[in-house]
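Worksheet: the structure to be examined is printed underneath.
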Amino acid sequence: MTALYGLCRWDGGIADRDLPRMAAALRRFGRSGSDHWTAGSIALGIARHALLPEDEHVPEIHERGRRYAVVADVHLSERESLVAQLDLDAQTVALLSDAALVAAAVERWDEAAFDRIYGAFAVAAWDTHERRLILARDPLGARPLFYHATDDLLAFASMPEGLTVLPAVDAGMDTDQYVRLLRDLAPERDRTPLRGISRVMPGHHVIVRKDGIDRVRWWKPDLTPLILADQDDYAAALTRHLEEAVKACLRGVSGCVGAQLSSGFDSSAVLAVAASQLARRSGDAGPVKITAFTAVPRSDRHTQVLAHHIADEGDLAAEVAASLPNVDHVRVSVDHGTLDTLGRTSGLYPLPIRNLCNLTWVDAIADAARARGLTIMLQGGMGNMTLSEPGVLALQELIAAGRFPTWFRIARGLVRNGWMQWRGVLWNSVAGKLPERVWRFMETRSGRAPIATRRFTLLRDAVYDHAGSIARETATADPYTVIDVAESAQPVATSVQNRLAIASADIGSLHKAQLGEWGIDTRDPTGDRRLMEFALRVPVERLIWDGEPRAILRRAIAGRLPASIVDNRRRGLQSADWHEGLIQSRSALIDEIERIEMYDPVASLIDIDRLKALVADMPDLDSPRWQEGDTEVDYRLTLLRTVSIASHMRRVSRSNV
């Protein structure tokens, strides 16, 4: 991983102190040295963090005779393919880093190069002929890239702190974007909650000229259903893509690596494939090993332990680790309060963390990994998009398409295999198409009273309503992006829409933060572009073929993992002990709410009285109320998220209250 930075003053030169300021602000993200290139009104810089053997070959930002000056934060997943397309000989390639290959690709194909680059990347390229700057990111957004643009200045950086140090950038809070987050909506298109700072969207490139900016989506995946002969062919294709994705993430690995491991399919599948590949590599101490980390509750008190759920995933995860000879297993629990991590979120993460409960164990695993000297962490965070979509939406999609024989085959299988009763099958087949009033009535009659989206936010009523109106007016039709501004909780999305929504999560700044804070490079094979593009083309009925949810994945991992995982029908509960950390932070919570109330630009948006009432009414540790769904909505999903976002607003505004 590397940190990029640069700026262009269209009508003047670069100030002497601008580049040093940017480089110093980004130093923790690139500790292997830095370099910059200037030419009149343009400057490009890079702070390097060597992660691959090829990184020792530092490319020049601009080589004599080349049209483009390029800086790139990149880890290629298909290096050999790009080399072949560039017609480079083996001797030349041996002396080229991934960044140098990307520079060669941009030189050859201009902005069309990005569709040929597979892997995680953020790129800045200055066109010396046409005096334009191109900024680009990979489809998943695994590498972040932010920019500030005015009539006379364009500045970019891998993280916002590389921009906020510039005197010309006044980056206070963008209230409208924070309100969207409080309303559980994503920021508008390329905007961020920081005023004047935009983001290059995943799968997009931004072309900046003196006379304007063009924002272009270059990643347009083929969504045509992929028709193969049978389930074995789909399982074989999934296995092949996952193997290649893991192999790419392990390129350059010579010592022990870390992996996040739960009791679920995604992290288990990633670990099994990685362990198999690393077992074939030998170092001085034998096969390369993996240390797998599992977050477990701090005590025996578990909330929301419903049927088909697992509160403590440690035992099942240990079974997975024990089945793989080169894997060590470490259970990690959190012993501090949930709000202990709040103070550093505004300085570390460009966006507020909306799930503080999960952040506590993510940080705890990072602490444990750093203590063991690990610098690479595998995870399966995008598996819901590429591996483990259950396929239940096939029921309504097949009905809508009039494919009744296929629907009946799947429905009968679900009932026969004990996944659903017939009434559940029928409900999942029509629920998304019913008038909302009928849907709400039926949900309530079944004992699953729908939770209004209004319950998930503590925004004042007028602010909530106004934000909803603005969101609906500014929503952009985009077949590759889901923008949900509806008031209803009624399911309407298709399987492909759900997976595209997951792909738009924009995780790059989280990964970059982990590199800066812990020196850990997070790699997610389940977010591999080739794997994503395959998953999006799998017909939804194949995901639940013969009434078996996740049918392709189960077939692919059979024999690789213990039967307790392959046949598992229970779902792990992340942070099952979340209420214990909340109670432990009660005094800190009260203090933070007082600060929020004292800062009027934030307090004017939030229903402070309801926020205080929730704290005053917080159940005791052993109260049975923690086992009620309404309590989780009020405290985990509403109170904690509101406090996290409001605190981020206050700190970004540099409030001293």
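Residues in the structure tokens are named by chain (A, B, ... in the order shown) and by number from 1 within that chain; ligands are numbered from 1 in the order shown.
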
Secondary structure check, strand (DSSP E) residues of region 471-600 of chain A, as an MDAnalysis selection string: chainID A and resid 521:523 571:572

File dump, residues just selected, all heavy atoms, as a short mmCIF file (atom, residue, chain, number, x, y, z; two decimals), in the first residue's frame:
data_model
loop_
_atom_site.label_atom_id
_atom_site.label_comp_id
_atom_site.auth_asym_id
_atom_site.auth_seq_id
_atom_site.Cartn_x
_atom_site.Cartn_y
_atom_site.Cartn_z
N ASP A 521 -1.76 -4.70 6.30
CA ASP A 521 -2.36 -4.61 4.97
C ASP A 521 -3.51 -5.62 4.91
O ASP A 521 -3.30 -6.82 4.97
CB ASP A 521 -1.32 -4.94 3.90
CG ASP A 521 -1.87 -4.84 2.49
OD1 ASP A 521 -2.88 -4.13 2.30
OD2 ASP A 521 -1.32 -5.48 1.59
N THR A 522 -4.75 -5.11 4.81
CA THR A 522 -5.93 -5.97 4.77
C THR A 522 -6.21 -6.37 3.33
O THR A 522 -6.32 -5.51 2.45
CB THR A 522 -7.15 -5.24 5.35
OG1 THR A 522 -6.85 -4.82 6.68
CG2 THR A 522 -8.36 -6.15 5.36
N ARG A 523 -6.34 -7.67 3.11
CA ARG A 523 -6.58 -8.19 1.75
C ARG A 523 -7.82 -9.08 1.77
O ARG A 523 -7.92 -9.99 2.59
CB ARG A 523 -5.37 -8.97 1.23
CG ARG A 523 -4.08 -8.15 1.22
CD ARG A 523 -2.88 -8.95 0.74
NE ARG A 523 -1.64 -8.17 0.82
CZ ARG A 523 -0.44 -8.62 0.48
NH1 ARG A 523 -0.32 -9.87 0.03
NH2 ARG A 523 0.62 -7.85 0.59
N ARG A 571 -26.54 -18.91 12.04
CA ARG A 571 -25.82 -17.70 11.66
C ARG A 571 -25.13 -17.11 12.88
O ARG A 571 -25.72 -17.01 13.96
CB ARG A 571 -26.79 -16.68 11.08
CG ARG A 571 -26.13 -15.39 10.64
CD ARG A 571 -27.17 -14.43 10.07
NE ARG A 571 -26.57 -13.17 9.67
CZ ARG A 571 -27.25 -12.15 9.16
NH1 ARG A 571 -28.56 -12.27 8.99
NH2 ARG A 571 -26.64 -11.03 8.83
N GLY A 572 -23.87 -16.75 12.71
CA GLY A 572 -23.13 -16.15 13.81
C GLY A 572 -23.61 -14.73 14.11
O GLY A 572 -23.96 -13.98 13.20
#

Within 10 Å of Trp545 (chain A) using only C-alpha atoms, minus same-chain residues under 3 positions, as a PyMOL selection string: chain A and resi 231+391+394+406-407+409-411+413-414+540-542+548-552

Can I get the selected residues back with all heavy atoms, as a CSV table (one decimal), in the first residue's frame?
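Just written: again33.csv:
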chain,number,residue,atom,x,y,z
A,231,GLN,N,-24.8,-27.8,-11.9
A,231,GLN,CA,-24.3,-27.2,-10.7
A,231,GLN,C,-22.8,-27.5,-10.5
A,231,GLN,O,-22.1,-26.6,-10.0
A,231,GLN,CB,-25.0,-27.8,-9.5
A,231,GLN,CG,-26.5,-27.2,-9.3
A,231,GLN,CD,-26.4,-25.7,-8.9
A,231,GLN,OE1,-26.7,-24.9,-9.8
A,231,GLN,NE2,-26.2,-25.4,-7.7
A,391,GLY,N,-29.8,-16.8,-2.1
A,391,GLY,CA,-30.6,-17.1,-3.3
A,391,GLY,C,-32.1,-17.1,-3.0
A,391,GLY,O,-32.9,-17.4,-3.9
A,394,ALA,N,-34.7,-15.7,-5.4
A,394,ALA,CA,-35.1,-16.4,-6.6
A,394,ALA,C,-36.6,-16.7,-6.6
A,394,ALA,O,-37.2,-16.7,-7.6
A,394,ALA,CB,-34.3,-17.7,-6.7
A,406,THR,N,-39.6,-24.0,-12.5
A,406,THR,CA,-38.3,-23.8,-11.7
A,406,THR,C,-38.6,-23.4,-10.3
A,406,THR,O,-38.0,-23.8,-9.3
A,406,THR,CB,-37.4,-22.8,-12.4
A,406,THR,OG1,-37.2,-23.3,-13.8
A,406,THR,CG2,-36.1,-22.7,-11.7
A,407,TRP,N,-39.6,-22.5,-10.2
A,407,TRP,CA,-40.0,-22.0,-8.9
A,407,TRP,C,-40.5,-23.2,-8.0
A,407,TRP,O,-40.1,-23.3,-6.8
A,407,TRP,CB,-41.1,-21.0,-9.0
A,407,TRP,CG,-41.7,-20.6,-7.7
A,407,TRP,CD1,-41.3,-19.6,-6.8
A,407,TRP,CD2,-42.9,-21.2,-7.0
A,407,TRP,NE1,-42.1,-19.5,-5.7
A,407,TRP,CE2,-43.0,-20.5,-5.8
A,407,TRP,CE3,-43.7,-22.2,-7.3
A,407,TRP,CZ2,-44.1,-20.8,-4.9
A,407,TRP,CZ3,-44.7,-22.6,-6.4
A,407,TRP,CH2,-44.9,-21.9,-5.2
A,409,ARG,N,-39.8,-26.4,-8.3
A,409,ARG,CA,-38.8,-27.3,-7.9
A,409,ARG,C,-38.0,-26.7,-6.7
A,409,ARG,O,-37.6,-27.5,-5.8
A,409,ARG,CB,-37.8,-27.4,-9.1
A,409,ARG,CG,-36.5,-28.2,-8.9
A,409,ARG,CD,-35.7,-28.3,-10.1
A,409,ARG,NE,-34.4,-29.0,-9.8
A,409,ARG,CZ,-33.5,-29.3,-10.8
A,409,ARG,NH1,-33.8,-29.0,-12.0
A,409,ARG,NH2,-32.4,-29.9,-10.5
A,410,ILE,N,-37.7,-25.4,-6.7
A,410,ILE,CA,-36.9,-24.9,-5.6
A,410,ILE,C,-37.8,-24.8,-4.4
A,410,ILE,O,-37.3,-25.1,-3.3
A,410,ILE,CB,-36.4,-23.5,-6.0
A,410,ILE,CG1,-35.3,-23.6,-7.1
A,410,ILE,CG2,-35.9,-22.7,-4.8
A,410,ILE,CD1,-34.9,-22.2,-7.7
A,411,ALA,N,-39.1,-24.4,-4.5
A,411,ALA,CA,-40.0,-24.3,-3.4
A,411,ALA,C,-40.1,-25.7,-2.7
A,411,ALA,O,-40.1,-25.8,-1.5
A,411,ALA,CB,-41.3,-23.8,-3.8
A,413,GLY,N,-38.1,-28.2,-2.8
A,413,GLY,CA,-36.8,-28.5,-2.1
A,413,GLY,C,-36.6,-27.8,-0.8
A,413,GLY,O,-36.1,-28.4,0.2
A,414,LEU,N,-37.0,-26.6,-0.7
A,414,LEU,CA,-36.9,-25.8,0.5
A,414,LEU,C,-37.7,-26.5,1.6
A,414,LEU,O,-37.3,-26.6,2.8
A,414,LEU,CB,-37.3,-24.4,0.3
A,414,LEU,CG,-36.3,-23.5,-0.4
A,414,LEU,CD1,-37.0,-22.2,-0.8
A,414,LEU,CD2,-35.1,-23.2,0.4
A,540,VAL,N,-29.9,-16.4,-10.3
A,540,VAL,CA,-30.2,-16.5,-8.9
A,540,VAL,C,-30.8,-17.8,-8.5
A,540,VAL,O,-30.6,-18.3,-7.4
A,540,VAL,CB,-31.2,-15.4,-8.5
A,540,VAL,CG1,-32.6,-15.5,-9.2
A,540,VAL,CG2,-31.4,-15.3,-7.0
A,541,GLU,N,-31.5,-18.5,-9.4
A,541,GLU,CA,-32.0,-19.8,-9.0
A,541,GLU,C,-30.9,-20.9,-8.8
A,541,GLU,O,-31.1,-21.8,-8.0
A,541,GLU,CB,-33.0,-20.3,-10.1
A,541,GLU,CG,-32.3,-20.7,-11.5
A,541,GLU,CD,-32.4,-19.5,-12.4
A,541,GLU,OE1,-32.5,-18.3,-11.9
A,541,GLU,OE2,-32.2,-19.7,-13.6
A,542,ARG,N,-29.7,-20.7,-9.4
A,542,ARG,CA,-28.6,-21.6,-9.2
A,542,ARG,C,-28.0,-21.5,-7.8
A,542,ARG,O,-27.4,-22.4,-7.3
A,542,ARG,CB,-27.5,-21.3,-10.2
A,542,ARG,CG,-27.9,-21.8,-11.6
A,542,ARG,CD,-27.9,-23.3,-11.7
A,542,ARG,NE,-28.3,-23.8,-13.0
A,542,ARG,CZ,-28.3,-25.1,-13.4
A,542,ARG,NH1,-28.0,-26.0,-12.5
A,542,ARG,NH2,-28.6,-25.4,-14.6
A,548,GLU,N,-31.7,-25.6,-1.8
A,548,GLU,CA,-30.5,-25.6,-0.9
A,548,GLU,C,-29.9,-24.2,-1.0
A,548,GLU,O,-29.2,-23.9,-1.9
A,548,GLU,CB,-29.5,-26.6,-1.2
A,548,GLU,CG,-28.3,-26.7,-0.3
A,548,GLU,CD,-27.3,-27.7,-0.7
A,548,GLU,OE1,-27.1,-27.9,-1.9
A,548,GLU,OE2,-26.6,-28.2,0.2
A,549,PRO,N,-30.1,-23.3,0.0
A,549,PRO,CA,-29.5,-22.0,0.0
A,549,PRO,C,-28.0,-22.1,-0.1
A,549,PRO,O,-27.4,-23.0,0.5
A,549,PRO,CB,-29.9,-21.4,1.3
A,549,PRO,CG,-31.2,-22.1,1.7
A,549,PRO,CD,-31.0,-23.5,1.2
A,550,ARG,N,-27.4,-21.2,-0.8
A,550,ARG,CA,-25.9,-21.2,-1.0
A,550,ARG,C,-25.4,-22.5,-1.6
A,550,ARG,O,-24.4,-23.1,-1.3
A,550,ARG,CB,-25.2,-20.9,0.3
A,550,ARG,CG,-25.5,-19.6,0.9
A,550,ARG,CD,-24.8,-19.4,2.3
A,550,ARG,NE,-25.1,-18.1,2.8
A,550,ARG,CZ,-26.2,-17.9,3.7
A,550,ARG,NH1,-26.9,-18.9,4.0
A,550,ARG,NH2,-26.4,-16.7,4.1
A,551,ALA,N,-26.2,-23.0,-2.6
A,551,ALA,CA,-26.0,-24.3,-3.1
A,551,ALA,C,-24.6,-24.4,-3.8
A,551,ALA,O,-23.9,-25.5,-3.7
A,551,ALA,CB,-27.1,-24.7,-4.1
A,552,ILE,N,-24.2,-23.4,-4.6
A,552,ILE,CA,-23.0,-23.5,-5.3
A,552,ILE,C,-21.8,-23.5,-4.3
A,552,ILE,O,-20.9,-24.3,-4.4
A,552,ILE,CB,-22.8,-22.3,-6.3
A,552,ILE,CG1,-23.9,-22.4,-7.3
A,552,ILE,CG2,-21.5,-22.3,-6.9
A,552,ILE,CD1,-24.0,-21.2,-8.3

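Among the candidates A:Met201, A:Ala105, A:Val179, A:Val216, the residue lying nearest to His466 (chain A) is A:Val179 (atoms considered: only C-alpha atoms).
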
For the contact check between region 76-161 of chain A and region 250-264 of chain A, emit one row per residue of region 76-161 of chain A within 12 Å, containing the shortest atom pair and the distance in Å rounded to one decimal, counting only C-alpha atoms, chain then rising number order, as JSON lines.
{"residue": "A:Leu76", "atom": "CA", "partner": "A:Arg251", "partner_atom": "CA", "distance": 9.3}
{"residue": "A:Ser77", "atom": "CA", "partner": "A:Arg251", "partner_atom": "CA", "distance": 8.6}
{"residue": "A:Glu78", "atom": "CA", "partner": "A:Arg251", "partner_atom": "CA", "distance": 10.6}
{"residue": "A:Arg79", "atom": "CA", "partner": "A:Arg251", "partner_atom": "CA", "distance": 10.2}
{"residue": "A:Ser97", "atom": "CA", "partner": "A:Gly252", "partner_atom": "CA", "distance": 12.0}
{"residue": "A:Asp98", "atom": "CA", "partner": "A:Arg251", "partner_atom": "CA", "distance": 11.7}
{"residue": "A:Gly119", "atom": "CA", "partner": "A:Arg251", "partner_atom": "CA", "distance": 11.9}

May I have the residues from that selection written out with all heavy atoms, as a PDB file, in the first residue's frame?
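Result written to out19.pdb:
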ATOM      1  N   LEU A  76      -1.721  -5.635  -7.999  1.00  0.00           N
ATOM      2  CA  LEU A  76      -2.334  -6.321  -9.136  1.00  0.00           C
ATOM      3  C   LEU A  76      -2.734  -7.744  -8.757  1.00  0.00           C
ATOM      4  O   LEU A  76      -1.995  -8.452  -8.077  1.00  0.00           O
ATOM      5  CB  LEU A  76      -1.372  -6.358 -10.318  1.00  0.00           C
ATOM      6  CG  LEU A  76      -1.014  -5.021 -10.964  1.00  0.00           C
ATOM      7  CD1 LEU A  76       0.062  -5.212 -12.019  1.00  0.00           C
ATOM      8  CD2 LEU A  76      -2.253  -4.361 -11.566  1.00  0.00           C
ATOM      9  N   SER A  77      -3.882  -8.160  -9.261  1.00  0.00           N
ATOM     10  CA  SER A  77      -4.301  -9.550  -9.070  1.00  0.00           C
ATOM     11  C   SER A  77      -4.047 -10.385 -10.322  1.00  0.00           C
ATOM     12  O   SER A  77      -4.040 -11.619 -10.253  1.00  0.00           O
ATOM     13  CB  SER A  77      -5.786  -9.614  -8.687  1.00  0.00           C
ATOM     14  OG  SER A  77      -6.594  -9.053  -9.712  1.00  0.00           O
ATOM     15  N   GLU A  78      -3.868  -9.733 -11.465  1.00  0.00           N
ATOM     16  CA  GLU A  78      -3.572 -10.448 -12.709  1.00  0.00           C
ATOM     17  C   GLU A  78      -2.374  -9.784 -13.375  1.00  0.00           C
ATOM     18  O   GLU A  78      -2.459  -9.238 -14.476  1.00  0.00           O
ATOM     19  CB  GLU A  78      -4.799 -10.466 -13.626  1.00  0.00           C
ATOM     20  CG  GLU A  78      -5.987 -11.208 -13.011  1.00  0.00           C
ATOM     21  CD  GLU A  78      -7.149 -11.389 -13.976  1.00  0.00           C
ATOM     22  OE1 GLU A  78      -6.987 -11.070 -15.169  1.00  0.00           O
ATOM     23  OE2 GLU A  78      -8.214 -11.857 -13.534  1.00  0.00           O
ATOM     24  N   ARG A  79      -1.255  -9.839 -12.696  1.00  0.00           N
ATOM     25  CA  ARG A  79      -0.032  -9.204 -13.169  1.00  0.00           C
ATOM     26  C   ARG A  79       0.427  -9.804 -14.495  1.00  0.00           C
ATOM     27  O   ARG A  79       0.777  -9.089 -15.440  1.00  0.00           O
ATOM     28  CB  ARG A  79       1.059  -9.359 -12.102  1.00  0.00           C
ATOM     29  CG  ARG A  79       2.396  -8.713 -12.455  1.00  0.00           C
ATOM     30  CD  ARG A  79       3.406  -8.903 -11.324  1.00  0.00           C
ATOM     31  NE  ARG A  79       4.758  -8.602 -11.759  1.00  0.00           N
ATOM     32  CZ  ARG A  79       5.363  -7.428 -11.602  1.00  0.00           C
ATOM     33  NH1 ARG A  79       4.713  -6.441 -11.002  1.00  0.00           N
ATOM     34  NH2 ARG A  79       6.607  -7.232 -12.031  1.00  0.00           N
ATOM     35  N   SER A  97       7.784  -2.762 -10.783  1.00  0.00           N
ATOM     36  CA  SER A  97       6.784  -2.902  -9.729  1.00  0.00           C
ATOM     37  C   SER A  97       5.391  -2.883 -10.351  1.00  0.00           C
ATOM     38  O   SER A  97       5.221  -2.577 -11.540  1.00  0.00           O
ATOM     39  CB  SER A  97       6.909  -1.751  -8.734  1.00  0.00           C
ATOM     40  OG  SER A  97       6.581  -0.522  -9.367  1.00  0.00           O
ATOM     41  N   ASP A  98       4.379  -3.186  -9.539  1.00  0.00           N
ATOM     42  CA  ASP A  98       3.007  -3.094 -10.020  1.00  0.00           C
ATOM     43  C   ASP A  98       2.689  -1.672 -10.475  1.00  0.00           C
ATOM     44  O   ASP A  98       2.003  -1.463 -11.481  1.00  0.00           O
ATOM     45  CB  ASP A  98       2.042  -3.509  -8.911  1.00  0.00           C
ATOM     46  CG  ASP A  98       1.988  -5.019  -8.710  1.00  0.00           C
ATOM     47  OD1 ASP A  98       2.736  -5.741  -9.384  1.00  0.00           O
ATOM     48  OD2 ASP A  98       1.187  -5.469  -7.856  1.00  0.00           O
ATOM     49  N   GLY A 119      -7.203  -5.777  -9.947  1.00  0.00           N
ATOM     50  CA  GLY A 119      -6.565  -5.678  -8.651  1.00  0.00           C
ATOM     51  C   GLY A 119      -7.083  -4.470  -7.904  1.00  0.00           C
ATOM     52  O   GLY A 119      -8.026  -3.792  -8.330  1.00  0.00           O
TER      53      GLY A 119
END

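When only C-alpha atoms are used to compute distances to Leu359 (chain A), the closest of the residues A:Arg372, A:His309, A:Arg625, A:Arg344 turns out to be A:Arg344.
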
Contacts of Ile365 (chain A) within 10 Å, only C-alpha atoms, excl. fewer than 2 positions in-chain, as an MDAnalysis selection string: chainID A and resid 258:260 292:295 330:334 359:363 367:371 377

Write out, as a compact mmCIF listing (two decimals), in the first residue's frame, the residues just selected, with C-alpha atoms.
# COMPACT_ATOMS: atom_id res chain seq x y z
CA GLY A 258 -3.22 -13.34 9.72
CA ALA A 259 -6.84 -14.07 8.87
CA GLN A 260 -10.17 -13.08 10.37
CA ALA A 292 -6.62 -17.11 12.46
CA PHE A 293 -8.35 -14.68 14.83
CA THR A 294 -11.93 -15.13 16.03
CA ALA A 295 -13.83 -12.51 18.02
CA VAL A 330 -6.53 -17.28 18.56
CA ARG A 331 -9.74 -16.22 20.31
CA VAL A 332 -9.98 -12.47 20.86
CA SER A 333 -12.39 -10.76 23.22
CA VAL A 334 -12.88 -7.10 24.08
CA LEU A 359 -15.29 -1.78 15.39
CA THR A 360 -14.26 -2.79 18.90
CA TRP A 361 -13.49 -6.37 17.92
CA VAL A 362 -11.94 -5.40 14.59
CA ASP A 363 -9.55 -3.16 16.50
CA ASP A 367 -4.00 -5.26 18.21
CA ALA A 368 -3.50 -9.01 18.59
CA ALA A 369 -2.08 -9.31 15.07
CA ARG A 370 0.37 -6.45 15.54
CA ALA A 371 1.53 -7.97 18.84
CA MET A 377 -4.60 -9.83 7.26

Spatial neighbours of Asp620 (chain A), max dist 10 Å, only C-alpha atoms, sep filter under 3 positions, as JSON, numbers by chain: {"A": [579, 580, 583, 617, 623, 624, 625, 626]}

Take the residues that were just selected and, keeping N, CA and C atoms, output them as a short mmCIF file (atom, residue, chain, number, x, y, z; two decimals), in the first residue's frame.
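And here's selection.cif as it stands now:
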data_model
loop_
_atom_site.label_atom_id
_atom_site.label_comp_id
_atom_site.auth_asym_id
_atom_site.auth_seq_id
_atom_site.Cartn_x
_atom_site.Cartn_y
_atom_site.Cartn_z
N HIS A 579 -24.07 -5.33 24.42
CA HIS A 579 -24.67 -4.54 25.50
C HIS A 579 -23.74 -4.41 26.70
N GLU A 580 -22.85 -5.38 26.90
CA GLU A 580 -21.91 -5.28 28.01
C GLU A 580 -20.94 -4.12 27.79
N ILE A 583 -22.91 -0.84 28.37
CA ILE A 583 -23.11 -0.54 29.79
C ILE A 583 -21.80 -0.08 30.43
N ASP A 617 -33.06 5.24 30.51
CA ASP A 617 -33.86 4.00 30.59
C ASP A 617 -33.05 2.76 30.24
N SER A 623 -30.75 -7.62 32.82
CA SER A 623 -32.16 -7.44 32.47
C SER A 623 -32.54 -8.30 31.26
N PRO A 624 -33.71 -8.94 31.30
CA PRO A 624 -34.17 -9.72 30.14
C PRO A 624 -34.51 -8.84 28.94
N ARG A 625 -34.59 -7.53 29.16
CA ARG A 625 -34.91 -6.64 28.03
C ARG A 625 -33.85 -6.69 26.94
N TRP A 626 -32.60 -7.03 27.30
CA TRP A 626 -31.54 -7.09 26.29
C TRP A 626 -31.80 -8.20 25.28
#

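The residue set within 12 Å of His129 (chain A), counting only C-alpha atoms and dropping same-chain residues fewer than 6 places from it, reads Gly65, Arg66, Arg67, Tyr68, Ala69, Glu107 and Asp110 of chain A.
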
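Take the candidates A:Val206, A:Ile606, A:Val74, A:Ala613 and check each one against Ala136 (chain A) using only C-alpha atoms; the shortest distance goes to A:Val206.
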
Close residues, region 10-25 of chain A itself excluded, 9 Å, only C-alpha atoms, min 5 positions apart in chain, as a list in words: Ala3, Leu4, Tyr5, Ser34, His36, Thr38, Ala39, Gly40, Ser41, Ile42, Ala43, Leu44, Gly45, Ile46, Ala47, Asp151, Asp152, Leu153, Leu154, Ala157, Glu161, Gly162, Leu163, Thr164, Val165, Leu166, Pro167, Arg209 and Lys210 of chain A

Select from region 505-601 of chain A every residue with an atom at most 8 Å from any atom of region 222-226 of chain A, then for each give the shortest pair of atoms and their distance in Å to one decimal, using only C-alpha atoms, rows by chain and rising number, as a Markdown table.
| residue | atom | partner | partner_atom | distance |
| --- | --- | --- | --- | --- |
| A:Glu533 | CA | A:Asp222 | CA | 7.1 |
| A:Leu536 | CA | A:Leu223 | CA | 6.2 |
| A:Arg537 | CA | A:Pro225 | CA | 4.6 |
| A:Val538 | CA | A:Leu226 | CA | 5.6 |
| A:Pro539 | CA | A:Pro225 | CA | 5.5 |

Saved selection, atoms kept: N, CA and C atoms, as an mmCIF file, in the first residue's frame:
data_model
loop_
_atom_site.group_PDB
_atom_site.id
_atom_site.type_symbol
_atom_site.label_atom_id
_atom_site.label_comp_id
_atom_site.auth_asym_id
_atom_site.auth_seq_id
_atom_site.Cartn_x
_atom_site.Cartn_y
_atom_site.Cartn_z
ATOM 1 N N GLU A 533 -17.365 -10.299 -10.898
ATOM 2 C CA GLU A 533 -18.027 -10.313 -12.200
ATOM 3 C C GLU A 533 -18.632 -11.677 -12.502
ATOM 4 N N LEU A 536 -21.972 -11.890 -10.221
ATOM 5 C CA LEU A 536 -23.086 -11.090 -10.710
ATOM 6 C C LEU A 536 -23.814 -11.756 -11.874
ATOM 7 N N ARG A 537 -23.150 -12.687 -12.544
ATOM 8 C CA ARG A 537 -23.765 -13.349 -13.702
ATOM 9 C C ARG A 537 -24.397 -14.695 -13.365
ATOM 10 N N VAL A 538 -24.215 -15.162 -12.134
ATOM 11 C CA VAL A 538 -24.804 -16.448 -11.758
ATOM 12 C C VAL A 538 -26.319 -16.280 -11.634
ATOM 13 N N PRO A 539 -27.113 -17.047 -12.359
ATOM 14 C CA PRO A 539 -28.570 -16.940 -12.235
ATOM 15 C C PRO A 539 -28.996 -17.206 -10.797
#

Residues flagged alpha helix (DSSP H) by DSSP in region 514-633 of chain A, as a ChimeraX atom specification: /A:514-518,529-537,540-543,551-557,563-566,578-584,586-598,600-603,608-616,629-632

Polymer residues at most 8 Å from Trp126 (chain A), only C-alpha atoms, same-chain spacing of 4 or more positions, as a PyMOL selection string: chain A and resi 68-70+131-134

Nearest to Arg199 (chain A), chosen from A:Asp524, A:Glu244, A:Asp506, A:Glu597, with only C-alpha atoms counted in the distances: A:Asp506

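Counting only C-alpha atoms and comparing A:Glu243, A:Asp591, A:Asp609, A:Asp528, the residue that lies closest to Asp138 (chain A) is A:Asp528.
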
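Among A:Ala245, A:Gly381, A:Arg64, A:Arg28, the residue with the shortest atom-to-atom distance to Trp518 (chain A), counting only C-alpha atoms, is A:Arg28.
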